[in-house]
file upload13.cif (mmCIF, C-alpha atoms)
data_coords
loop_
_atom_site.group_PDB
_atom_site.id
_atom_site.type_symbol
_atom_site.label_atom_id
_atom_site.label_comp_id
_atom_site.auth_asym_id
_atom_site.auth_seq_id
_atom_site.Cartn_x
_atom_site.Cartn_y
_atom_site.Cartn_z
ATOM 1 C CA MET A 1 85.589 60.136 150.685
ATOM 2 C CA ARG A 2 85.945 58.020 147.551
ATOM 3 C CA ARG A 3 89.290 57.981 145.821
ATOM 4 C CA THR A 4 89.392 57.977 142.000
ATOM 5 C CA PHE A 5 92.033 55.718 140.484
ATOM 6 C CA ARG A 6 93.977 57.203 137.543
ATOM 7 C CA PRO A 7 96.279 54.873 135.578
ATOM 8 C CA PRO A 8 99.824 56.071 134.888
ATOM 9 C CA PRO A 9 100.527 57.506 131.407
ATOM 10 C CA ARG A 10 101.401 54.921 128.774
ATOM 11 C CA ALA A 11 104.961 54.556 127.670
ATOM 12 C CA GLY A 12 105.616 56.664 124.574
ATOM 13 C CA ALA A 13 102.965 59.254 125.320
ATOM 14 C CA ALA A 14 105.609 61.818 126.081
ATOM 15 C CA ARG A 15 107.361 61.082 122.755
ATOM 16 C CA ARG A 16 104.080 61.481 120.959
ATOM 17 C CA ILE A 17 103.558 65.009 122.144
ATOM 18 C CA ALA A 18 107.202 66.076 122.177
ATOM 19 C CA PRO A 19 108.309 68.418 119.366
ATOM 20 C CA ARG A 20 109.970 66.717 116.354
ATOM 21 C CA ARG A 21 113.692 67.054 115.796
ATOM 22 C CA PRO A 22 114.720 69.692 113.259
ATOM 23 C CA GLY A 23 114.952 68.479 109.648
ATOM 24 C CA ARG A 24 112.755 65.399 110.059
ATOM 25 C CA SER A 25 109.349 66.851 109.213
ATOM 26 C CA PRO A 26 107.881 66.409 105.703
ATOM 27 C CA GLY A 27 107.660 70.161 105.366
ATOM 28 C CA ALA A 28 111.370 70.597 106.026
ATOM 29 C CA VAL A 29 112.241 67.922 103.484
ATOM 30 C CA ALA A 30 110.064 69.584 100.857
ATOM 31 C CA VAL A 31 111.696 72.971 101.486
ATOM 32 C CA ALA A 32 115.176 71.484 101.190
ATOM 33 C CA ALA A 33 114.264 69.800 97.892
ATOM 34 C CA ALA A 34 112.879 73.057 96.520
ATOM 35 C CA VAL A 35 116.050 74.925 97.439
ATOM 36 C CA ALA A 36 118.230 72.281 95.777
ATOM 37 C CA ALA A 37 116.137 72.417 92.607
ATOM 38 C CA ALA A 38 116.414 76.198 92.490
ATOM 39 C CA LEU A 39 120.192 76.042 92.848
ATOM 40 C CA LEU A 40 120.468 73.504 90.026
ATOM 41 C CA ALA A 41 118.216 75.563 87.779
ATOM 42 C CA CYS A 42 120.492 78.545 88.278
ATOM 43 C CA GLY A 43 123.515 76.558 87.166
ATOM 44 C CA THR A 44 125.113 76.229 90.570
ATOM 45 C CA VAL A 45 128.141 73.942 90.413
ATOM 46 C CA PRO A 46 127.722 70.868 92.651
ATOM 47 C CA ALA A 47 130.244 70.185 95.339
ATOM 48 C CA ALA A 48 133.404 68.358 94.349
ATOM 49 C CA GLY A 49 133.061 64.615 94.540
ATOM 50 C CA SER A 50 129.373 64.572 93.634
ATOM 51 C CA PRO A 51 128.340 62.519 90.537
ATOM 52 C CA ALA A 52 127.704 65.635 88.465
ATOM 53 C CA ALA A 53 131.023 67.178 89.387
ATOM 54 C CA ALA A 54 132.836 63.951 88.543
ATOM 55 C CA GLY A 55 132.348 64.813 84.863
ATOM 56 C CA GLY A 56 131.303 63.049 81.659
ATOM 57 C CA THR A 57 129.094 65.873 80.387
ATOM 58 C CA ALA A 58 129.495 69.501 79.464
ATOM 59 C CA GLU A 59 126.910 72.223 78.805
ATOM 60 C CA THR A 60 126.772 73.610 75.263
ATOM 61 C CA ALA A 61 125.753 77.089 74.124
ATOM 62 C CA GLY A 62 122.232 75.840 73.489
ATOM 63 C CA GLY A 63 121.821 74.754 77.082
ATOM 64 C CA THR A 64 122.020 71.019 76.342
ATOM 65 C CA THR A 65 124.573 68.684 77.793
ATOM 66 C CA GLU A 66 127.025 66.594 75.799
ATOM 67 C CA GLU A 67 129.611 63.994 76.699
ATOM 68 C CA GLU A 68 133.105 65.300 77.199
ATOM 69 C CA CYS A 69 135.571 64.541 74.410
ATOM 70 C CA THR A 70 138.619 62.937 75.982
ATOM 71 C CA ALA A 71 140.223 60.869 73.180
ATOM 72 C CA ALA A 72 144.016 60.810 73.078
ATOM 73 C CA THR A 73 146.194 61.980 70.204
ATOM 74 C CA GLY A 74 145.750 59.638 67.226
ATOM 75 C CA PRO A 75 148.216 58.455 64.566
ATOM 76 C CA TYR A 76 146.555 60.644 61.921
ATOM 77 C CA GLN A 77 146.207 63.708 64.121
ATOM 78 C CA ARG A 78 148.022 66.129 61.825
ATOM 79 C CA GLN A 79 146.195 64.948 58.717
ATOM 80 C CA LEU A 80 142.780 65.360 60.331
ATOM 81 C CA GLU A 81 143.723 68.737 61.797
ATOM 82 C CA ALA A 82 144.746 70.021 58.367
ATOM 83 C CA HIS A 83 141.665 68.600 56.658
ATOM 84 C CA LEU A 84 139.288 70.111 59.211
ATOM 85 C CA GLY A 85 140.956 73.521 59.252
ATOM 86 C CA LEU A 86 142.326 73.191 62.779
ATOM 87 C CA PRO A 87 145.725 74.396 64.076
ATOM 88 C CA VAL A 88 148.162 71.726 62.904
ATOM 89 C CA ASP A 89 150.349 70.783 65.852
ATOM 90 C CA GLY A 90 149.836 67.036 66.072
ATOM 91 C CA ARG A 91 148.513 67.264 69.622
ATOM 92 C CA GLN A 92 144.954 66.537 70.627
ATOM 93 C CA SER A 93 142.991 69.402 72.154
ATOM 94 C CA ASP A 94 139.387 69.712 73.224
ATOM 95 C CA ALA A 95 138.564 71.608 70.012
ATOM 96 C CA ASP A 96 140.358 68.985 67.901
ATOM 97 C CA CYS A 97 138.556 66.158 69.646
ATOM 98 C CA ARG A 98 135.137 67.699 69.144
ATOM 99 C CA ALA A 99 135.786 68.532 65.479
ATOM 100 C CA ILE A 100 136.994 64.996 64.726
ATOM 101 C CA ARG A 101 134.024 63.561 66.596
ATOM 102 C CA ASP A 102 131.632 65.652 64.501
ATOM 103 C CA PHE A 103 133.426 64.420 61.376
ATOM 104 C CA GLN A 104 133.015 60.816 62.520
ATOM 105 C CA ARG A 105 129.322 61.333 63.217
ATOM 106 C CA ARG A 106 128.835 62.870 59.786
ATOM 107 C CA HIS A 107 130.230 59.712 58.211
ATOM 108 C CA ARG A 108 128.430 57.397 60.670
ATOM 109 C CA LEU A 109 131.640 55.958 62.039
ATOM 110 C CA ASP A 110 131.434 53.897 65.208
ATOM 111 C CA PRO A 111 132.755 54.762 67.678
ATOM 112 C CA ALA A 112 132.498 58.514 67.182
ATOM 113 C CA ASP A 113 134.898 59.417 69.973
ATOM 114 C CA GLY A 114 137.161 62.080 68.445
ATOM 115 C CA TYR A 115 140.151 59.756 67.963
ATOM 116 C CA ALA A 116 142.179 60.364 64.787
ATOM 117 C CA GLY A 117 142.509 56.686 63.851
ATOM 118 C CA VAL A 118 142.311 54.662 60.656
ATOM 119 C CA PRO A 119 138.528 54.933 60.029
ATOM 120 C CA ALA A 120 138.544 58.739 60.301
ATOM 121 C CA TYR A 121 141.654 58.963 58.127
ATOM 122 C CA ARG A 122 140.151 56.683 55.459
ATOM 123 C CA MET A 123 136.962 58.738 55.283
ATOM 124 C CA MET A 124 139.118 61.844 55.054
ATOM 125 C CA LEU A 125 140.672 60.342 51.899
ATOM 126 C CA VAL A 126 137.178 59.775 50.504
ATOM 127 C CA GLU A 127 136.262 63.416 51.082
ATOM 128 C CA GLN A 128 139.499 64.652 49.542
ATOM 129 C CA ALA A 129 139.097 62.476 46.452
ATOM 130 C CA LYS A 130 135.428 63.168 45.734
ATOM 131 C CA ALA A 131 135.923 66.178 43.483
ATOM 132 C CA GLU A 132 138.682 64.686 41.321
ATOM 133 C CA PRO A 133 139.672 61.124 42.265
ATOM 134 C CA ASN A 134 141.784 60.588 39.135
ATOM 135 C CA LYS A 135 143.754 63.796 39.530
ATOM 136 C CA GLU A 136 147.074 61.973 39.068
ATOM 137 C CA ARG A 137 145.731 60.080 36.030
ATOM 138 C CA ARG A 138 146.622 56.678 37.461
ATOM 139 C CA CYS A 139 143.409 55.157 36.092
ATOM 140 C CA PRO A 140 143.196 55.158 32.255
ATOM 141 C CA SER A 141 140.983 57.806 30.689
ATOM 142 C CA VAL A 142 139.061 55.983 27.963
ATOM 143 C CA SER A 143 135.639 56.201 26.395
ATOM 144 C CA ARG A 144 134.501 52.918 27.946
ATOM 145 C CA ARG A 145 133.183 52.735 31.489
ATOM 146 C CA THR A 146 136.001 51.820 33.880
ATOM 147 C CA THR A 147 135.875 50.825 37.543
ATOM 148 C CA CYS A 148 138.999 52.263 39.185
ATOM 149 C CA VAL A 149 140.380 50.525 42.287
ATOM 150 C CA ASP A 150 143.053 52.579 44.050
ATOM 151 C CA LEU A 151 144.909 50.186 46.350
ATOM 152 C CA SER A 152 147.084 52.920 47.865
ATOM 153 C CA ARG A 153 144.149 54.949 49.128
ATOM 154 C CA GLN A 154 141.706 52.010 49.353
ATOM 155 C CA LEU A 155 139.151 53.782 47.174
ATOM 156 C CA LEU A 156 136.866 52.834 44.292
ATOM 157 C CA TRP A 157 134.985 54.890 41.732
ATOM 158 C CA VAL A 158 133.659 54.457 38.180
ATOM 159 C CA GLN A 159 134.502 56.883 35.390
ATOM 160 C CA THR A 160 133.985 57.214 31.663
ATOM 161 C CA GLY A 161 135.281 59.378 28.837
ATOM 162 C CA ALA A 162 138.433 61.384 28.312
ATOM 163 C CA ASN A 163 137.352 63.844 30.999
ATOM 164 C CA ASP A 164 136.958 61.092 33.613
ATOM 165 C CA ARG A 165 133.287 61.831 34.172
ATOM 166 C CA LEU A 166 132.185 60.141 37.376
ATOM 167 C CA VAL A 167 129.259 57.741 37.057
ATOM 168 C CA PHE A 168 129.794 56.184 40.501
ATOM 169 C CA ASP A 169 131.060 58.333 43.376
ATOM 170 C CA VAL A 170 134.172 57.566 45.404
ATOM 171 C CA VAL A 171 133.613 54.984 48.150
ATOM 172 C CA PRO A 172 135.938 53.216 50.615
ATOM 173 C CA VAL A 173 136.922 49.616 49.949
ATOM 174 C CA ARG A 174 138.937 46.841 51.578
ATOM 175 C CA THR A 175 141.344 44.930 49.345
ATOM 176 C CA GLY A 176 143.619 41.906 49.778
ATOM 177 C CA ARG A 177 145.900 41.610 52.782
ATOM 178 C CA LEU A 178 149.593 40.665 52.751
ATOM 179 C CA GLU A 179 150.289 37.566 50.605
ATOM 180 C CA LEU A 180 146.670 37.635 49.390
ATOM 181 C CA GLU A 181 146.876 40.956 47.590
ATOM 182 C CA THR A 182 144.377 42.076 44.986
ATOM 183 C CA ARG A 183 146.069 41.678 41.612
ATOM 184 C CA GLY A 184 146.797 44.882 39.744
ATOM 185 C CA GLY A 185 146.334 45.754 36.087
ATOM 186 C CA LEU A 186 143.472 45.824 33.623
ATOM 187 C CA HIS A 187 140.679 43.265 34.073
ATOM 188 C CA HIS A 188 137.133 42.789 32.847
ATOM 189 C CA VAL A 189 133.973 41.671 34.628
ATOM 190 C CA TYR A 190 133.424 38.155 33.266
ATOM 191 C CA TRP A 191 130.969 36.605 35.750
ATOM 192 C CA ARG A 192 128.290 38.079 38.012
ATOM 193 C CA ASN A 193 126.491 36.263 40.800
ATOM 194 C CA ARG A 194 123.973 38.214 42.862
ATOM 195 C CA HIS A 195 123.855 35.655 45.695
ATOM 196 C CA HIS A 196 127.327 34.113 45.595
ATOM 197 C CA HIS A 197 128.603 32.243 48.657
ATOM 198 C CA SER A 198 132.289 31.477 49.115
ATOM 199 C CA THR A 199 132.958 27.748 49.257
ATOM 200 C CA LEU A 200 136.470 28.310 50.595
ATOM 201 C CA PHE A 201 135.726 30.721 53.442
ATOM 202 C CA ASP A 202 132.035 29.866 53.925
ATOM 203 C CA VAL A 203 130.985 33.520 53.846
ATOM 204 C CA PRO A 204 128.398 35.334 51.723
ATOM 205 C CA MET A 205 129.636 37.417 48.789
ATOM 206 C CA PRO A 206 126.532 39.392 47.756
ATOM 207 C CA TYR A 207 126.584 41.244 44.436
ATOM 208 C CA ALA A 208 129.772 39.433 43.385
ATOM 209 C CA GLN A 209 131.277 40.641 40.110
ATOM 210 C CA PHE A 210 134.351 38.559 39.268
ATOM 211 C CA PHE A 211 137.134 40.257 37.349
ATOM 212 C CA ASP A 212 140.254 38.103 37.845
ATOM 213 C CA GLY A 213 140.161 34.444 38.836
ATOM 214 C CA GLY A 214 138.437 34.242 42.215
ATOM 215 C CA GLN A 215 138.815 37.964 42.893
ATOM 216 C CA ALA A 216 135.593 39.926 42.738
ATOM 217 C CA LEU A 217 133.917 43.168 43.648
ATOM 218 C CA HIS A 218 131.330 42.287 46.296
ATOM 219 C CA GLY A 219 129.512 43.520 49.383
ATOM 220 C CA THR A 220 130.301 42.769 52.991
ATOM 221 C CA THR A 221 128.986 43.624 56.431
ATOM 222 C CA GLU A 222 132.474 43.415 57.949
ATOM 223 C CA ASN A 223 134.563 46.420 58.954
ATOM 224 C CA LEU A 224 136.241 47.869 55.861
ATOM 225 C CA PHE A 225 138.869 49.608 57.975
ATOM 226 C CA GLU A 226 140.386 46.530 59.593
ATOM 227 C CA SER A 227 142.737 43.865 58.205
ATOM 228 C CA GLY A 228 142.115 42.937 54.580
ATOM 229 C CA SER A 229 140.307 40.541 52.298
ATOM 230 C CA ALA A 230 141.595 37.346 50.684
ATOM 231 C CA GLY A 231 142.020 39.252 47.431
ATOM 232 C CA CYS A 232 138.524 40.497 46.675
ATOM 233 C CA VAL A 233 137.511 44.145 46.676
ATOM 234 C CA ASN A 234 135.050 44.531 49.551
ATOM 235 C CA LEU A 235 132.462 47.315 49.594
ATOM 236 C CA HIS A 236 129.751 48.324 52.025
ATOM 237 C CA HIS A 237 126.677 46.261 51.233
ATOM 238 C CA ALA A 238 124.716 49.281 49.953
ATOM 239 C CA ASP A 239 127.598 50.425 47.720
ATOM 240 C CA ALA A 240 127.972 46.934 46.256
ATOM 241 C CA ALA A 241 124.257 46.869 45.427
ATOM 242 C CA LYS A 242 124.489 50.197 43.566
ATOM 243 C CA LEU A 243 127.591 49.054 41.699
ATOM 244 C CA TRP A 244 125.788 45.851 40.708
ATOM 245 C CA ASP A 245 123.015 47.904 39.108
ATOM 246 C CA LEU A 246 125.557 49.961 37.164
ATOM 247 C CA LEU A 247 128.084 47.461 35.796
ATOM 248 C CA GLN A 248 127.655 44.817 33.124
ATOM 249 C CA LEU A 249 129.621 41.869 31.796
ATOM 250 C CA ASN A 250 132.883 42.837 30.099
ATOM 251 C CA ASP A 251 133.083 46.207 31.864
ATOM 252 C CA ARG A 252 136.642 47.268 32.583
ATOM 253 C CA VAL A 253 138.189 47.072 36.068
ATOM 254 C CA PHE A 254 141.560 48.734 36.527
ATOM 255 C CA VAL A 255 143.504 48.074 39.740
ATOM 256 C CA PHE A 256 146.548 50.197 40.569
ATOM 257 C CA GLY A 257 148.780 51.265 43.443
ATOM 258 C CA THR A 258 149.868 49.246 46.471
ATOM 259 C CA LYS A 259 147.915 48.770 49.674
ATOM 260 C CA PRO A 260 149.957 49.904 52.713
ATOM 261 C CA GLY A 261 151.643 46.926 54.347
ATOM 262 C CA THR A 262 151.403 44.652 51.296
ATOM 263 C CA GLN A 263 153.357 43.832 48.134
ATOM 264 C CA PRO A 264 152.148 44.444 44.572
ATOM 265 C CA ARG A 265 150.898 41.338 42.798
ATOM 266 C CA SER A 266 150.802 41.140 39.022
ATOM 267 C CA PRO A 267 147.554 40.247 37.253
ATOM 268 C CA ARG A 268 146.714 36.659 36.392
ATOM 269 C CA ARG A 269 149.286 35.127 38.728
ATOM 270 C CA THR A 270 147.761 31.702 39.280
ATOM 271 C CA VAL A 271 150.747 29.636 40.491
ATOM 272 C CA ASP A 272 153.458 30.208 43.085
ATOM 273 C CA GLU A 273 157.202 29.733 42.718
ATOM 274 C CA ARG A 274 156.810 25.943 43.089
ATOM 275 C CA GLY A 275 154.071 25.740 40.502
ATOM 276 C CA ARG A 276 151.279 25.209 43.022
ATOM 277 C CA SER A 277 147.899 26.719 42.193
ATOM 278 C CA LEU A 278 146.977 29.960 43.922
ATOM 279 C CA LEU A 279 143.354 29.631 42.861
ATOM 280 C CA SER A 280 140.839 28.987 45.617
ATOM 281 C CA ASP A 281 137.682 26.963 45.194
ATOM 282 C CA ASP A 282 135.894 30.189 44.348
ATOM 283 C CA ALA A 283 138.449 30.904 41.644
ATOM 284 C CA LEU A 284 138.051 27.445 40.127
ATOM 285 C CA VAL A 285 134.281 27.867 40.054
ATOM 286 C CA ALA A 286 134.634 31.295 38.483
ATOM 287 C CA GLU A 287 137.177 30.050 35.930
ATOM 288 C CA GLY A 288 134.869 27.212 35.015
ATOM 289 C CA MET A 289 131.946 29.581 34.479
ATOM 290 C CA ARG A 290 134.117 31.852 32.388
ATOM 291 C CA ALA A 291 135.388 29.015 30.192
ATOM 292 C CA ASP A 292 131.872 27.683 29.766
ATOM 293 C CA ARG A 293 130.563 31.088 28.741
ATOM 294 C CA LEU A 294 133.378 31.644 26.244
ATOM 295 C CA ASN A 295 132.915 28.211 24.727
ATOM 296 C CA ARG A 296 129.202 28.800 24.317
ATOM 297 C CA LEU A 297 129.853 32.148 22.663
ATOM 298 C CA ARG A 298 132.277 30.451 20.251
ATOM 299 C CA GLY A 299 129.757 27.735 19.493
ATOM 300 C CA HIS A 300 131.926 24.922 20.888
ATOM 301 C CA LEU A 301 129.131 23.686 23.181
ATOM 302 C CA ALA A 302 125.555 23.023 22.282
ATOM 303 C CA GLU A 303 123.054 25.327 23.897
ATOM 304 C CA GLY A 304 120.678 23.787 26.447
#
call {"tool": "encode", "arguments": {"input": "upload13.cif", "output": "structure tokens"}}
result
Amino acid sequence: MRRTFRPPPRAGAARRIAPRRPGRSPGAVAVAAAVAAALLACGTVPAAGSPAAAGGTAETAGGTTEEECTAATGPYQRQLEAHLGLPVDGRQSDADCRAIRDFQRRHRLDPADGYAGVPAYRMMLVEQAKAEPNKERRCPSVSRRTTCVDLSRQLLWVQTGANDRLVFDVVPVRTGRLELETRGGLHHVYWRNRHHHSTLFDVPMPYAQFFDGGQALHGTTENLFESGSAGCVNLHHADAAKLWDLLQLNDRVFVFGTKPGTQPRSPRRTVDERGRSLLSDDALVAEGMRADRLNRLRGHLAEG
């Protein structure tokens, strides 16, 4: 009788035919994923400690999500609350934060985080002044076109006539900082330079319209709500361009009020207590252009 030799089963054969452990099959994974998706679609709150539960977003009435508003109470909390029609208690709430954030977004302030700080407060002053900026009659009401620079509120507008008809809407500005204040009083635009560049500070001064020594109305890309200028009246670049198109030589510029944190400086102050010149290189250039223009108008210099 012939014996038939049968080799022993290979190692792993038993594992190959053994049933799989629960939860490891592709089908089970797919089912679990479907269940999780269904729970999320129904608005089920994730377990505490998960990324979604950790916060940062909140669902709005429209079904979209939005970042939570968590800014602290700001220094101008009460003013913004009153302006936006909120309960005035000087304490930040979720409703306050969201309303201030919407206000910031409307005025394209960055960051728009709901904090009642200087930028939001300054744009609040712009909104409040738009209807009647010269309500207190601080800027002279005359028939000639007058650019009004309110140092106290850091605002600028252009008016004309006894009824203060606005020909250039209220915009925010940045004026001179402490010891470099913008000089008050009545001035006139005496030199305009579309592409002026400061020789003293090595910075561009686009749409520069000089009205007192080296002090000018001009555009800037810097933050209007921080620090201050070296005496000039800074405007957003777009506002300075529009003002350039409106004004002409000899137009009136009236500067009044006092910027918070500074001292008033009288017009045409060109020397300090020791007799040293306060005019910068820009001022000397501007003064030279002004003198040259006046001499030519008087016929003291030959043309050409």
call {"tool": "atom_distance", "arguments": {"input": "upload13.cif", "atom1": "CA of Leu246 in chain A", "atom2": "CA of Met124 in chain A"}}
result
25.4 Å
call {"tool": "resolve_selection", "arguments": {"input": "upload13.cif", "expression": "the PyMOL selection byres ((chain A and resi 194) around 7)", "output": "list in words"}}
result
Arg192, Asn193, His195, His196, Pro206, Tyr207 and Ala208 of chain A
call {"tool": "atom_distance", "arguments": {"input": "upload13.cif", "atom1": "CA of Ala120 in chain A", "atom2": "CA of Gln263 in chain A"}}
result
24.3 Å
call {"tool": "residues_near_point", "arguments": {"input": "upload13.cif", "point": "(150.0, 64.5, 60.8)", "cutoff": "10 Å", "atoms": "only C-alpha atoms", "output": "ChimeraX atom specification"}}
result
/A:74-82,88-91,116
call {"tool": "residues_near_point", "arguments": {"input": "upload13.cif", "point": "(145.5, 52.0, 39.4)", "cutoff": "7 Å", "atoms": "all atoms listed in the file", "output": "PyMOL selection string"}}
result
chain A and resi 138-139+148-150+254-257
call {"tool": "residues_around", "arguments": {"input": "upload13.cif", "residues": "Leu125 in chain A", "least_positions_apart": "4", "cutoff": "12 Å", "atoms": "all atoms listed in the file", "output": "PyMOL selection string"}}
result
chain A and resi 76+79-80+83+118-121+129-133+150+152-156+170-173
call {"tool": "axis_aligned_box", "arguments": {"input": "upload13.cif", "around": "range 134-145 of chain A", "padding_each_side": "5 Å", "output": "JSON"}}
result
{"center_x": 140.1, "center_y": 58.3, "center_z": 33.0, "size_x": 23.9, "size_y": 21.1, "size_z": 23.1}
call {"tool": "atom_distance", "arguments": {"input": "upload13.cif", "atom1": "CA of Asn234 in chain A", "atom2": "CA of Gln209 in chain A"}}
result
10.9 Å
call {"tool": "residues_around", "arguments": {"input": "upload13.cif", "residues": "Gly161 in chain A", "least_positions_apart": "3", "cutoff": "12 Å", "atoms": "all atoms listed in the file", "output": "list in words"}}
result
Cys139, Pro140, Ser141, Val142, Ser143, Arg144, Arg145, Thr146, Val158, Asp164, Arg165, Leu166 and Val167 of chain A
call {"tool": "residues_around", "arguments": {"input": "upload13.cif", "residues": "range 96-107 of chain A", "least_positions_apart": "2", "cutoff": "7 Å", "atoms": "all atoms listed in the file", "output": "PyMOL selection string"}}
result
chain A and resi 69+71+81+86+92-94+109+112-116+120
call {"tool": "closest_residue", "arguments": {"input": "upload13.cif", "among": "A:Gln128, A:Thr147, A:Thr73, A:Gln215", "to": "Val233 in chain A", "atoms": "all atoms listed in the file"}}
result
A:Gln215
call {"tool": "closest_residue", "arguments": {"input": "upload13.cif", "among": "A:Asn163, A:Thr262, A:Asn223, A:Asn250", "to": "His188 in chain A", "atoms": "all atoms listed in the file"}}
result
A:Asn250
call {"tool": "closest_residue", "arguments": {"input": "upload13.cif", "among": "A:Leu178, A:Val203, A:Leu84, A:Leu217", "to": "Trp157 in chain A", "atoms": "only C-alpha atoms"}}
result
A:Leu217
call {"tool": "closest_residue", "arguments": {"input": "upload13.cif", "among": "A:Asp251, A:Glu68, A:Glu222, A:Glu136", "to": "His237 in chain A", "atoms": "only C-alpha atoms"}}
result
A:Glu222
call {"tool": "closest_residue", "arguments": {"input": "upload13.cif", "among": "A:Asp212, A:Asp239, A:Asp110, A:Asp169", "to": "Val126 in chain A", "atoms": "all atoms listed in the file"}}
result
A:Asp169
call {"tool": "closest_residue", "arguments": {"input": "upload13.cif", "among": "A:Gly231, A:Gly214, A:Gly176, A:Pro87", "to": "Thr199 in chain A", "atoms": "all atoms listed in the file"}}
result
A:Gly214
